[in-house]
Protein chains: 2
Amino acid sequence: MDAFFHPNSIAVVGASNRNIGNFMVANLLVGFKGGIFPVNRSYQEIEGLPCFPSLEDIPDPIDLAIVLVPASSVPSVLEACAAKGVRRVIIESAGFAETGEDGVALQDRCVAIAKQNDMRIWGPNCMGLVDIHRSHFFTFMHPGVREEGLLPGRISLIVQSGMMSAIFLVELGRRGIGIAKACSIGNRADVDECDVLEYLLQDPDTEVIALYLESILRGRLLAQMAQRSTKPIVILKGGSSEAGALAAKSHTHSLSGNSRLMNSVLEISGVTLADSIYQMMDLANALAMIPHVDPACRTAIISLSGGAGVLACDALERHGLPVASLSEQTKKAIGEVFPDWMPVSNPIDLFPAVSSRGREIIFKRVIPAVLEDPNVGVLLIHFVAGLDEKILELRALKEKADQFGKVVFFWLMGLQEGCEQFRREARALGIPVHEDVSRIAECLRTASRFSGHQLSLGTVDTIAAPSSASVPKTPPFPSSEKIWDEFDSKRFLSHWKIPVVEEKMVQRPDEAWKTARQMGLPVVLKGLAPGETHKTERGLVQLRIMNKPLLEAAFQHIQEKLDRRGRILIQKEVQSDYELMAGFIRDDQFGPCVMFGLGGIFSELEPDVVFAMAPLDRDSALKLIHRIRNKRLLQGFRGMTPLREDIMTDILVNLGNVGVACPQIEQIDINPLAVSKGVPLAVDANVILKAS
Amino acid sequence: MDAFFHPNSIAVVGASNRNIGNFMVANLLVGFKGGIFPVNRSYQEIEGLPCFPSLEDIPDPIDLAIVLVPASSVPSVLEACAAKGVRRVIIESAGFAETGEDGVALQDRCVAIAKQNDMRIWGPNCMGLVDIHRSHFFTFMHPGVREEGLLPGRISLIVQSGMMSAIFLVELGRRGIGIAKACSIGNRADVDECDVLEYLLQDPDTEVIALYLESILRGRLLAQMAQRSTKPIVILKGGSSEAGALAAKSHTHSLSGNSRLMNSVLEISGVTLADSIYQMMDLANALAMIPHVDPACRTAIISLSGGAGVLACDALERHGLPVASLSEQTKKAIGEVFPDWMPVSNPIDLFPAVSSRGREIIFKRVIPAVLEDPNVGVLLIHFVAGLDEKILELRALKEKADQFGKVVFFWLMGLQEGCEQFRREARALGIPVHEDVSRIAECLRTASRFSGHQLSLGTVDTIAAPSSASVPKTPPFPSSEKIWDEFDSKRFLSHWKIPVVEEKMVQRPDEAWKTARQMGLPVVLKGLAPGETHKTERGLVQLRIMNKPLLEAAFQHIQEKLDRRGRILIQKEVQSDYELMAGFIRDDQFGPCVMFGLGGIFSELEPDVVFAMAPLDRDSALKLIHRIRNKRLLQGFRGMTPLREDIMTDILVNLGNVGVACPQIEQIDINPLAVSKGVPLAVDANVILKAS
């Protein structure tokens with residue numbers, strides 16, 4: 001990949017004296033120190049450089065060709081590149097896979113030519129790449145974008161959509177957020193987000209990587225890279241809505257995956273998911289500015305208005321962030337500048353104190369006391385700029401905060417000019433400033449989650465191979481059907497040490513009654529028909545059978561419904577406190593994955609399910625269990641016995657191992673996984689094999 | 001109230017030559033045309049006006065006194081006001097109820113003096129009021145705030161916290177949002193938000209009212225005013241979090257209500273709830289700019305980047321807003337400027353068309369076609385400013401949109417100067433512009449909800465009195481306990497035509513068995529102990545009794561648990577498809593209210609409950625039912641019979657009527673309200689009386 005970023009010479013095929021062909025050459029001239037060779041039969045000279053009629057006419061060797069010619073001419077350009085020995089090509093022209101079938105064919109031809117010639121292609125349908133530190137603009141982007149002023153910084157971008165990459169640059173510049181590299185990857189015929197991500201993870205200029213993607217091409221690899229990364233990764237995924245996904249489909253000819261699985265797997269891998277352009281920028285910036293924050297991040301709030309303190313508390317609590325309890329020493333120190341009638345508590349409302357003693361106390365007395373407080377990890381200061389700037393002592397504040405390892409955020413309001421001046425000063429010192437306190441809460445939550453993820457990295461290898469000792473020998477498959485019935489499925493799962501309900505196949509009512517008495521009443525009778533996954537709706541399940549006449553009636557009813565097609569199962573009825581679900585799915589993007597979540601009506605109304613890539617070790621399985629929204633249900637809710645996490649962990653580890661060991665298995669559903677007195681038990685299950 | 005806003009003469013008690021005493025006089029001089037009379041023994045003259053040693057020395061009559069003296073002197077100032085015949089006083093001094101017990105007593109003394117003298121007090125601990133259209137600044141606010149530039153407009157503010165009112169003015173000014181009046185009401189010793197709201201609802205300058213409140217003093221009145229209001233009302237409530245509520249308590253000595261009840265009642269009354277300062281401003285501004293939007297608000301999206309179209313779709317869908325299907329005619333018209341390979345669909349990605357035909361087509365061809373499309377109610381345009389402004393035809397766009405009754409939003413990005421110019425032009429034309437597409441979705445949802453609320457106003461009087469025909473004569477109370485047991489509660493509720501489960505009190509096991517056989521098995525046996533509301537946890541409930549031995553064992557078990565204190569109830573066991581809850585609560589703020597929601601484990605994990613003020617008519621009850629988050633559970637979910645909304649509506653109407661008719665009742669809980677085959681039935685219930 002390095003050859004794309006640091007070529008010694010560049011040929012611009014399709015350079016011209018106007019529009020994008022000209023923008024490209026002008027952009028290269030800004031900072032690229034190597035040879036620039038415009039190629040176009042129609043010109044002698046472009047921007048003062050000699051223009052060549054064709055690649056072969058260039059006397060020098062060419063490291064990188066940038067192609068702007070119409071799509072139909074691109075294959076012949078690639079042939080010429082091959083002949084010339086060019087090994088890296090950025091195709092910025094559009095008109096390929098995004099345009100339909102013919103475009104797909106054209107793009108495939110380009111890839112084939114590249115493969116034959118050991119050439120890597122970047123694009124097509126993209127805006128190339130930008131390296132702000134080196135002023136490399138390998139892009140036809142409108143010069144207005146770079147003239148607006150782009151700041152060198154530590155955030156690098158990977159952007160699938162062409163126009164969006166220009167938008168990101170403009171908007172980051174406007175917000176004073178610095179950039180390292182911006183990579184517009186377009187249709188990803190060859191180079192994709194994983195290739196670029198791998199490069200940026202090694203890039204010394206890059207500390208945070210932000211991606212805008214409408215689909216993910218190698219999800220499993222991406223998640224694995226994120227898991228191991230010490231650099232924060234932020235992803236804004238377009239097309240999460242149904243309408244958006246349709247748009248994404250027609251826009252870049254790409255499929256959007258199951259976003260619930262994707263989001264879950266990425267988050268558990270340490271990726272930060274953003275849901276808007278500006279949030280993405282702000283989160284990336286926060287991660288760049290705050291290398292570490294205590295995951296507990298107890299926040300002290302200092303405000304110039306009681307109302308602002310209240311709203312800051314509200315915002316923190318909405319984002320699940322705790323408010324610090326001030327130490328007695330801090331209370332004492334602040335109490336000295338407070339009016340007598342006013343107790344000191346967090347949020348610290350400075351309005352009365354400032355009214356009587358002036359704003360100097362903020363920086364001289366209150367902030368230092370709070371920064372020294374061992375109960376405080378983060379300080380959020382509400383400040384109104386433009387009234388009295390001589391009190392500002394931002395540098396001293398930042399030094400003290402660093403000394404005590406504290407993170408400081410400013411929630412800034414005030415008069416226009418005062419705010420701008422404050423922002424400039426804060427930016428130079430690396431202090432984050434926001435005008436929306438909800439965004440501060442989002443940034444804080446993101447930074448603390450990433451710090452938590454980094455801490456766990458040290459201890460656990462989250463993609464551990466299953467230890468061979470714990471994996472039983474794969475038993476023979478009990479069925480040749482594509483969808484196994486619940487009896488076969490559970491027999492198979494119990495081989496893998498997944499606890500299943502007591503049950504037995506029965507042929508006759510008297511045999512069923514005998515079994516029922518052995519099991520203990522009540523029992524459940526189920527008719528299993530081949531391929532049937534809607535037993536309840538089909539009337540094939542009879543619950544709460546308490547006596548022989550009921551059993552006989554149920555047996556006859558099911559037998560009739562089955563119409564000689566299936567078989568009858570008797571099961572001990574489980575009186576569960578609540579129902580969970582667990583499963584395995586082989587995802588197109590993320591490969592084998594384990595699912596865990598709440599069952600029952602929850603699972604359909606407001607799904608509370610999480611996914612992680614298999615195989616799972618026990619630590620990762622436990623983490624997965626703790627990631628559901630309603631985890632307090634499992635922790636002794638309403639006087640119920642807490643979930644036996646040891647058993648649940650084993651079930652999830654084993655489910656992952658089954659799926660990894662048996663590539664023929666497409667999907668496993670355990671639903672419900674009934675929990676009584678804390679013990680989970682598979683009551684119904686289905687194993688589904690891949691279509692052959 | 002008008003005398004506060006339009007006095008002929010104002011005395012400033014505590015005027016001075018420096019700080020707030022001076023700011024006040026300077027602010028009055030900006031635009032107040034009446035007499036201004038500074039009062040202070042220490043000065044001869046302030047800002048060129050003669051200063052009076054006391055109120056009685058002023059020769060002219062005084063309509064309004066503004067008081068800035070220290071809190072302890074305020075009662076004597078009020079006495080002087082009374083003597084002088086001043087009937088309106090704004091106390092801007094702090095140091096009253098917000099400071100603790102002594103301050104409460106001081107504030108009470110002020111209120112007593114006012115009452116005796118037929119005087120109205122505004123404040124204390126406030127920043128007074130501002131009328132931008134008349135340049136009235138009856139406030140000690142820093143002159144920097146008004147010098148920054150405040151625009152006259154149609155939004156009026158009511159702000160409880162003093163400092164916040166200055167902040168709102170500054171920030172609205174910075175965003176170019178116009179203001180009519182801003183009212184900082186402080187401790188609300190006398191004049192409160194309802195007084196001011198009533199005035200603003202009649203004020204011809206005010207079209208939208210935005211409130212920042214940390215508590216609500218007369219919730220029921222506020223909700224009733226909102227219900228009848230044709231002007232949109234936006235409320236930002238500080239103190240919704242636990243930590244925030246504590247802060248609100250210590251800050252303004254006020255209690256925060258149950259925010260779930262409050263939010264629910266306010267929303268059903270047509271109030272828009274905001275959750276941050278800027279969101280509040282943007283929502284109020286959107287409501288001021290968009291008098292009406294079709295509640296269906298099908299949106300067409302035009303973007304200069306496919307990626308932006310995708311993100312816009314995502315944002316709309318996240319906010320529950322539908323994306324329009326373009327008409328064939330529109331597709332045809334746009335198809336003429338699209339490349340051949342590109343189908344026309346919504347979102348409309350203009351990047352390829354603009355690349356080949358230039359940006360002129362946006363305003364000349366595409367926008368007009370979409371505005372004429374009968375399938376489109378709202379047009380969201382993603383625009384990048386600063387590249388080529390000569391194509392802008394915003395005036396023609398706005399005229400055409402108005403002609404076709406369409407709403408247009410711009411999602412604006414681009415170069416700094418181009419954006420600012422675009423904003424200015426759009427603002428002058430009344431076109432909303434945002435840089436965050438999520439905010440556009442929030443504004444659109446808010447405007448469409450308010451339009452929907454206005455439409456429903458025409459047809460239904462949502463606070464109808466119960467018709468006497470439908471209200472049964474109140475039966476005698478079955479119990480003298482504060483908490484009735486479930487048998488007494490349900491007997492009482494069944495008088496009010498609320499369907500309850502079949503049940504009977506039993507004395508002996510043989511009697512119980514006889515009853516069970518009459519009811520049909522299985523049955524439930526419950527021990528009812530006085531005041532006991534945790535029967536299940538106490539082991540007083542035995543479910544699924546299927547035969548005589550089980551019944552006898554259960555009877556004996558419960559008898560032992562009861563230990564001669566209570567009585568035993570037998571109940572037919574209801575096999576419910578799901579469980580709901582319904583109830584009545586007499587709220588401190590909102591008075592008698594009805595509750596409806598999901599029961600079971602949902603109700604504790606992720607509550608899905610809504611409230612409305614009682615009494616309810618049937619239309620309002622039906623609306624309430626439709627307001628729960630998971631309403632699809634009631635609509636034939638998973639093949640279940642849809643809820644009998646007629647029965648459920650009656651239950652809610654009757655619950656409201658019970659509560660209104662019996663002021664002794666504090667609370668009624670029906671939980672669960674079991675639903676089988678669509679029919680709801682009260683299985684357990686409690687009536688709780690007020691503490692006498």
# chains A, B, ... in the order shown; residues from 1 in each chain; ligands from 1

$ residues_around --residues "Gly377 in chain B" --least-positions-apart "3" --cutoff "8 Å" --atoms "only C-alpha atoms" --output "PDB file with C-alpha atoms, in the first residue's frame"
ATOM      1  CA  VAL B 293     -46.982  20.128   7.492  1.00  0.00           C
ATOM      2  CA  ASP B 294     -48.981  17.137   6.382  1.00  0.00           C
ATOM      3  CA  ALA B 296     -47.796  11.938   6.939  1.00  0.00           C
ATOM      4  CA  CYS B 297     -44.926  14.175   5.693  1.00  0.00           C
ATOM      5  CA  ARG B 298     -43.588  11.923   2.968  1.00  0.00           C
ATOM      6  CA  THR B 299     -40.186  13.319   2.197  1.00  0.00           C
ATOM      7  CA  ALA B 300     -38.257  13.495  -1.034  1.00  0.00           C
ATOM      8  CA  PRO B 374     -48.467  15.008  -5.306  1.00  0.00           C
ATOM      9  CA  GLY B 405     -48.008  23.773  -0.083  1.00  0.00           C
ATOM     10  CA  LYS B 406     -44.693  21.934   0.301  1.00  0.00           C
ATOM     11  CA  VAL B 407     -42.155  22.262   3.082  1.00  0.00           C
TER      12      VAL B 407
END

$ residues_around --residues "Glu442 in chain A" --least-positions-apart "6" --cutoff "10 Å" --atoms "only C-alpha atoms" --output "PDB file with N, CA, C and O atoms, in the first residue's frame"
ATOM      1  N   ALA A 274     -20.796   5.535  14.867  1.00  0.00           N
ATOM      2  CA  ALA A 274     -21.379   6.884  14.870  1.00  0.00           C
ATOM      3  C   ALA A 274     -22.678   6.839  14.085  1.00  0.00           C
ATOM      4  O   ALA A 274     -22.890   5.937  13.273  1.00  0.00           O
ATOM      5  N   GLN A 279     -21.296  13.790  14.415  1.00  0.00           N
ATOM      6  CA  GLN A 279     -21.001  12.970  15.590  1.00  0.00           C
ATOM      7  C   GLN A 279     -19.727  12.172  15.332  1.00  0.00           C
ATOM      8  O   GLN A 279     -18.856  12.065  16.193  1.00  0.00           O
ATOM      9  N   ASP A 282     -16.777  14.422  15.735  1.00  0.00           N
ATOM     10  CA  ASP A 282     -16.544  14.798  17.130  1.00  0.00           C
ATOM     11  C   ASP A 282     -16.029  13.620  17.951  1.00  0.00           C
ATOM     12  O   ASP A 282     -15.160  13.775  18.807  1.00  0.00           O
ATOM     13  N   LEU A 283     -16.564  12.424  17.679  1.00  0.00           N
ATOM     14  CA  LEU A 283     -16.093  11.262  18.427  1.00  0.00           C
ATOM     15  C   LEU A 283     -14.646  10.950  18.064  1.00  0.00           C
ATOM     16  O   LEU A 283     -13.817  10.661  18.939  1.00  0.00           O
ATOM     17  N   ALA A 286     -12.511  13.475  19.757  1.00  0.00           N
ATOM     18  CA  ALA A 286     -12.397  13.222  21.200  1.00  0.00           C
ATOM     19  C   ALA A 286     -11.408  12.087  21.452  1.00  0.00           C
ATOM     20  O   ALA A 286     -10.571  12.146  22.365  1.00  0.00           O
ATOM     21  N   ALA A 315     -27.777  15.146  30.798  1.00  0.00           N
ATOM     22  CA  ALA A 315     -27.118  14.589  29.621  1.00  0.00           C
ATOM     23  C   ALA A 315     -26.201  13.430  30.004  1.00  0.00           C
ATOM     24  O   ALA A 315     -26.182  12.389  29.340  1.00  0.00           O
ATOM     25  N   LEU A 316     -25.453  13.580  31.094  1.00  0.00           N
ATOM     26  CA  LEU A 316     -24.559  12.495  31.517  1.00  0.00           C
ATOM     27  C   LEU A 316     -25.383  11.257  31.867  1.00  0.00           C
ATOM     28  O   LEU A 316     -25.074  10.150  31.433  1.00  0.00           O
ATOM     29  N   ARG A 318     -28.363  10.404  30.886  1.00  0.00           N
ATOM     30  CA  ARG A 318     -28.946   9.800  29.678  1.00  0.00           C
ATOM     31  C   ARG A 318     -27.939   8.910  28.980  1.00  0.00           C
ATOM     32  O   ARG A 318     -28.309   7.955  28.306  1.00  0.00           O
ATOM     33  N   HIS A 319     -26.664   9.214  29.092  1.00  0.00           N
ATOM     34  CA  HIS A 319     -25.635   8.409  28.433  1.00  0.00           C
ATOM     35  C   HIS A 319     -24.994   7.408  29.390  1.00  0.00           C
ATOM     36  O   HIS A 319     -23.943   6.843  29.085  1.00  0.00           O
ATOM     37  N   GLY A 320     -25.626   7.211  30.535  1.00  0.00           N
ATOM     38  CA  GLY A 320     -25.151   6.189  31.461  1.00  0.00           C
ATOM     39  C   GLY A 320     -23.849   6.543  32.158  1.00  0.00           C
ATOM     40  O   GLY A 320     -23.105   5.649  32.569  1.00  0.00           O
ATOM     41  N   LEU A 321     -23.543   7.822  32.299  1.00  0.00           N
ATOM     42  CA  LEU A 321     -22.275   8.237  32.902  1.00  0.00           C
ATOM     43  C   LEU A 321     -22.520   8.729  34.323  1.00  0.00           C
ATOM     44  O   LEU A 321     -23.446   9.495  34.566  1.00  0.00           O
ATOM     45  N   SER A 448     -14.444   6.511  27.212  1.00  0.00           N
ATOM     46  CA  SER A 448     -14.326   5.585  28.341  1.00  0.00           C
ATOM     47  C   SER A 448     -14.519   4.141  27.875  1.00  0.00           C
ATOM     48  O   SER A 448     -13.863   3.232  28.358  1.00  0.00           O
TER      49      SER A 448
END

$ closest_residue --among "B:Ile90, B:Leu605, B:Ala112, B:Met581" --to "chain A" --atoms "only C-alpha atoms"
B:Leu605

$ closest_residue --among "A:Ala512, A:Leu28, A:Leu169, A:Ala71" --to "chain B" --atoms "only C-alpha atoms"
A:Leu169

$ residues_around --residues "range 344-353 of chain A" --least-positions-apart "4" --cutoff "6 Å" --atoms "only C-alpha atoms" --output "PDB file with N, CA and C atoms, in the first residue's frame"
ATOM      1  N   ILE A 301     -19.060  18.623  37.597  1.00  0.00           N
ATOM      2  CA  ILE A 301     -19.603  19.642  36.704  1.00  0.00           C
ATOM      3  C   ILE A 301     -19.484  20.994  37.389  1.00  0.00           C
ATOM      4  N   ILE A 302     -18.837  21.937  36.699  1.00  0.00           N
ATOM      5  CA  ILE A 302     -18.763  23.305  37.200  1.00  0.00           C
ATOM      6  C   ILE A 302     -19.549  24.166  36.229  1.00  0.00           C
ATOM      7  N   SER A 303     -20.516  24.915  36.718  1.00  0.00           N
ATOM      8  CA  SER A 303     -21.304  25.722  35.792  1.00  0.00           C
ATOM      9  C   SER A 303     -21.495  27.129  36.317  1.00  0.00           C
ATOM     10  N   LEU A 304     -21.700  28.025  35.362  1.00  0.00           N
ATOM     11  CA  LEU A 304     -21.958  29.423  35.695  1.00  0.00           C
ATOM     12  C   LEU A 304     -23.447  29.665  35.842  1.00  0.00           C
ATOM     13  N   SER A 305     -24.225  28.603  35.758  1.00  0.00           N
ATOM     14  CA  SER A 305     -25.677  28.714  35.858  1.00  0.00           C
ATOM     15  C   SER A 305     -26.182  27.408  36.417  1.00  0.00           C
ATOM     16  N   GLY A 306     -26.973  27.496  37.465  1.00  0.00           N
ATOM     17  CA  GLY A 306     -27.533  26.280  38.038  1.00  0.00           C
ATOM     18  C   GLY A 306     -28.264  25.469  36.990  1.00  0.00           C
ATOM     19  N   GLY A 309     -25.967  23.370  34.997  1.00  0.00           N
ATOM     20  CA  GLY A 309     -25.525  22.210  35.769  1.00  0.00           C
ATOM     21  C   GLY A 309     -26.563  21.096  35.728  1.00  0.00           C
ATOM     22  N   LYS A 331     -15.045  19.889  49.041  1.00  0.00           N
ATOM     23  CA  LYS A 331     -16.203  20.658  49.509  1.00  0.00           C
ATOM     24  C   LYS A 331     -15.754  21.797  50.419  1.00  0.00           C
ATOM     25  N   PHE A 338     -18.025  30.012  48.546  1.00  0.00           N
ATOM     26  CA  PHE A 338     -19.486  29.980  48.379  1.00  0.00           C
ATOM     27  C   PHE A 338     -20.147  30.889  49.409  1.00  0.00           C
ATOM     28  N   ARG A 357     -18.181  37.260  44.355  1.00  0.00           N
ATOM     29  CA  ARG A 357     -16.722  37.343  44.400  1.00  0.00           C
ATOM     30  C   ARG A 357     -16.039  37.523  43.049  1.00  0.00           C
TER      31      ARG A 357
END

$ residues_around --residues "Cys593 in chain A" --least-positions-apart "2" --cutoff "12 Å" --atoms "only C-alpha atoms" --output "number ranges by chain"
A: 219-220, 223, 261-262, 264-266, 463, 582-591, 595-596, 610-616, 621, 624, 652-660, 665-668

$ write_last_selection --atoms "N, CA and C atoms" --output "short mmCIF file (atom, residue, chain, number, x, y, z; two decimals), in the first residue's frame"
data_model
loop_
_atom_site.label_atom_id
_atom_site.label_comp_id
_atom_site.auth_asym_id
_atom_site.auth_seq_id
_atom_site.Cartn_x
_atom_site.Cartn_y
_atom_site.Cartn_z
N GLY A 219 -15.96 -8.18 6.60
CA GLY A 219 -16.35 -7.82 7.95
C GLY A 219 -15.52 -8.50 9.02
N ARG A 220 -15.31 -9.80 8.83
CA ARG A 220 -14.59 -10.55 9.86
C ARG A 220 -13.17 -10.04 10.03
N ALA A 223 -13.27 -6.65 11.79
CA ALA A 223 -13.50 -6.78 13.23
C ALA A 223 -12.26 -7.30 13.93
N LEU A 261 -26.50 -7.49 13.68
CA LEU A 261 -25.33 -8.35 13.87
C LEU A 261 -24.05 -7.54 13.67
N MET A 262 -24.03 -6.78 12.61
CA MET A 262 -22.83 -6.00 12.30
C MET A 262 -22.48 -5.05 13.44
N SER A 264 -23.35 -5.11 16.52
CA SER A 264 -23.00 -5.83 17.74
C SER A 264 -21.58 -6.36 17.67
N VAL A 265 -21.25 -7.00 16.56
CA VAL A 265 -19.90 -7.58 16.41
C VAL A 265 -18.84 -6.48 16.40
N LEU A 266 -19.13 -5.39 15.70
CA LEU A 266 -18.14 -4.30 15.64
C LEU A 266 -17.94 -3.67 17.01
N ILE A 463 -10.21 -13.56 20.33
CA ILE A 463 -10.47 -14.57 19.28
C ILE A 463 -9.55 -15.77 19.56
N ALA A 582 -30.41 -18.32 22.52
CA ALA A 582 -29.00 -18.40 22.14
C ALA A 582 -28.95 -19.02 20.76
N GLY A 583 -27.90 -18.73 20.03
CA GLY A 583 -27.87 -19.29 18.69
C GLY A 583 -26.51 -19.14 18.04
N PHE A 584 -26.48 -19.69 16.86
CA PHE A 584 -25.27 -19.60 16.04
C PHE A 584 -25.71 -19.19 14.64
N ILE A 585 -24.96 -18.32 14.02
CA ILE A 585 -25.27 -17.97 12.63
C ILE A 585 -23.97 -17.77 11.86
N ARG A 586 -23.98 -18.27 10.64
CA ARG A 586 -22.80 -18.09 9.79
C ARG A 586 -23.09 -16.90 8.88
N ASP A 587 -22.53 -15.76 9.21
CA ASP A 587 -22.85 -14.52 8.50
C ASP A 587 -21.96 -14.36 7.29
N ASP A 588 -22.54 -13.80 6.21
CA ASP A 588 -21.78 -13.59 4.98
C ASP A 588 -20.53 -12.75 5.23
N GLN A 589 -20.69 -11.73 6.06
CA GLN A 589 -19.59 -10.80 6.30
C GLN A 589 -18.68 -11.22 7.45
N PHE A 590 -19.31 -11.68 8.53
CA PHE A 590 -18.54 -11.86 9.76
C PHE A 590 -18.28 -13.33 10.09
N GLY A 591 -18.70 -14.22 9.18
CA GLY A 591 -18.42 -15.64 9.39
C GLY A 591 -19.20 -16.19 10.56
N MET A 595 -24.99 -15.89 19.00
CA MET A 595 -26.00 -14.91 19.38
C MET A 595 -26.47 -15.20 20.79
N PHE A 596 -26.78 -14.15 21.54
CA PHE A 596 -27.35 -14.30 22.87
C PHE A 596 -28.36 -13.17 23.09
N VAL A 610 -27.42 -9.79 21.17
CA VAL A 610 -26.05 -9.39 20.83
C VAL A 610 -25.36 -10.54 20.11
N PHE A 611 -24.34 -10.19 19.35
CA PHE A 611 -23.60 -11.17 18.56
C PHE A 611 -22.11 -11.00 18.78
N ALA A 612 -21.38 -12.10 18.65
CA ALA A 612 -19.92 -12.01 18.65
C ALA A 612 -19.39 -13.11 17.73
N MET A 613 -18.21 -12.88 17.21
CA MET A 613 -17.64 -13.86 16.30
C MET A 613 -17.20 -15.11 17.05
N ALA A 614 -17.46 -16.26 16.46
CA ALA A 614 -17.03 -17.53 17.03
C ALA A 614 -15.69 -17.91 16.41
N PRO A 615 -14.88 -18.74 17.07
CA PRO A 615 -15.14 -19.29 18.41
C PRO A 615 -14.94 -18.24 19.50
N LEU A 616 -15.61 -18.48 20.62
CA LEU A 616 -15.51 -17.60 21.78
C LEU A 616 -14.77 -18.31 22.89
N ALA A 621 -17.33 -14.84 26.08
CA ALA A 621 -18.73 -15.25 26.22
C ALA A 621 -19.38 -14.51 27.38
N LEU A 624 -20.10 -11.08 26.42
CA LEU A 624 -21.27 -11.03 25.53
C LEU A 624 -22.55 -11.04 26.36
N LEU A 652 -22.65 -20.78 25.39
CA LEU A 652 -22.24 -19.90 24.28
C LEU A 652 -20.92 -20.35 23.68
N VAL A 653 -19.97 -20.72 24.53
CA VAL A 653 -18.68 -21.21 24.03
C VAL A 653 -18.92 -22.45 23.17
N ASN A 654 -19.75 -23.36 23.69
CA ASN A 654 -19.99 -24.60 22.97
C ASN A 654 -20.73 -24.37 21.66
N LEU A 655 -21.69 -23.46 21.67
CA LEU A 655 -22.40 -23.14 20.43
C LEU A 655 -21.42 -22.67 19.37
N GLY A 656 -20.51 -21.80 19.78
CA GLY A 656 -19.50 -21.31 18.83
C GLY A 656 -18.63 -22.45 18.33
N ASN A 657 -18.26 -23.34 19.23
CA ASN A 657 -17.41 -24.47 18.84
C ASN A 657 -18.12 -25.42 17.87
N VAL A 658 -19.41 -25.66 18.12
CA VAL A 658 -20.18 -26.50 17.19
C VAL A 658 -20.09 -25.90 15.80
N GLY A 659 -20.40 -24.59 15.74
CA GLY A 659 -20.48 -23.94 14.44
C GLY A 659 -19.14 -23.94 13.71
N VAL A 660 -18.08 -23.74 14.47
CA VAL A 660 -16.76 -23.72 13.84
C VAL A 660 -16.35 -25.13 13.40
N ILE A 665 -23.10 -26.57 9.09
CA ILE A 665 -24.19 -25.93 9.83
C ILE A 665 -24.25 -24.44 9.51
N GLU A 666 -25.46 -24.02 9.12
CA GLU A 666 -25.69 -22.63 8.72
C GLU A 666 -26.17 -21.83 9.92
N GLN A 667 -26.98 -22.49 10.77
CA GLN A 667 -27.67 -21.73 11.81
C GLN A 667 -28.13 -22.68 12.90
N ILE A 668 -28.06 -22.21 14.15
CA ILE A 668 -28.63 -22.96 15.27
C ILE A 668 -29.46 -21.96 16.09
#

$ residues_around --residues "range 230-233 of chain A" --least-positions-apart "6" --cutoff "6 Å" --atoms "only C-alpha atoms" --output "ChimeraX atom specification"
/A:207-210,271

$ atom_distance --atom1 "CA of Met225 in chain A" --atom2 "CA of Arg188 in chain A"
18.5 Å

$ closest_residue --among "B:Phe52, B:Trp122, B:Phe363, B:Phe404" --to "Ser16 in chain B" --atoms "only C-alpha atoms"
B:Phe52

$ residues_around --residues "Ala166 in chain A" --least-positions-apart "4" --cutoff "9 Å" --atoms "only C-alpha atoms" --output "number ranges by chain"
A: 127, 141-142, 145, 162, 170-171, 184

$ atom_distance --atom1 "CA of Leu326 in chain B" --atom2 "CA of Asn375 in chain B"
6.2 Å

$ residues_around --residues "Asn285 in chain A" --least-positions-apart "4" --cutoff "12 Å" --atoms "only C-alpha atoms" --output "ChimeraX atom specification"
/A:153-157,172,175-179,207-210,232-234,278-281,289-291,427,430-434,439-440,442-444,446-447

$ select_by_dssp --residues "range 293-426 of chain A" --states "strand (DSSP E or B)" --output "list in words"
Thr299, Ala300, Ile301, Ile302, Ser303, Val323, Ile348, Asp349, Val378, Leu379, Leu380, Ile381, His382, Phe383, Val384, Ala385, Val407, Val408, Phe409, Phe410, Trp411, Leu412, Met413 and Gly414 of chain A

$ closest_residue --among "B:Ile601, B:Ile483, B:Val378, B:Cys183" --to "chain A" --atoms "only C-alpha atoms"
B:Ile601
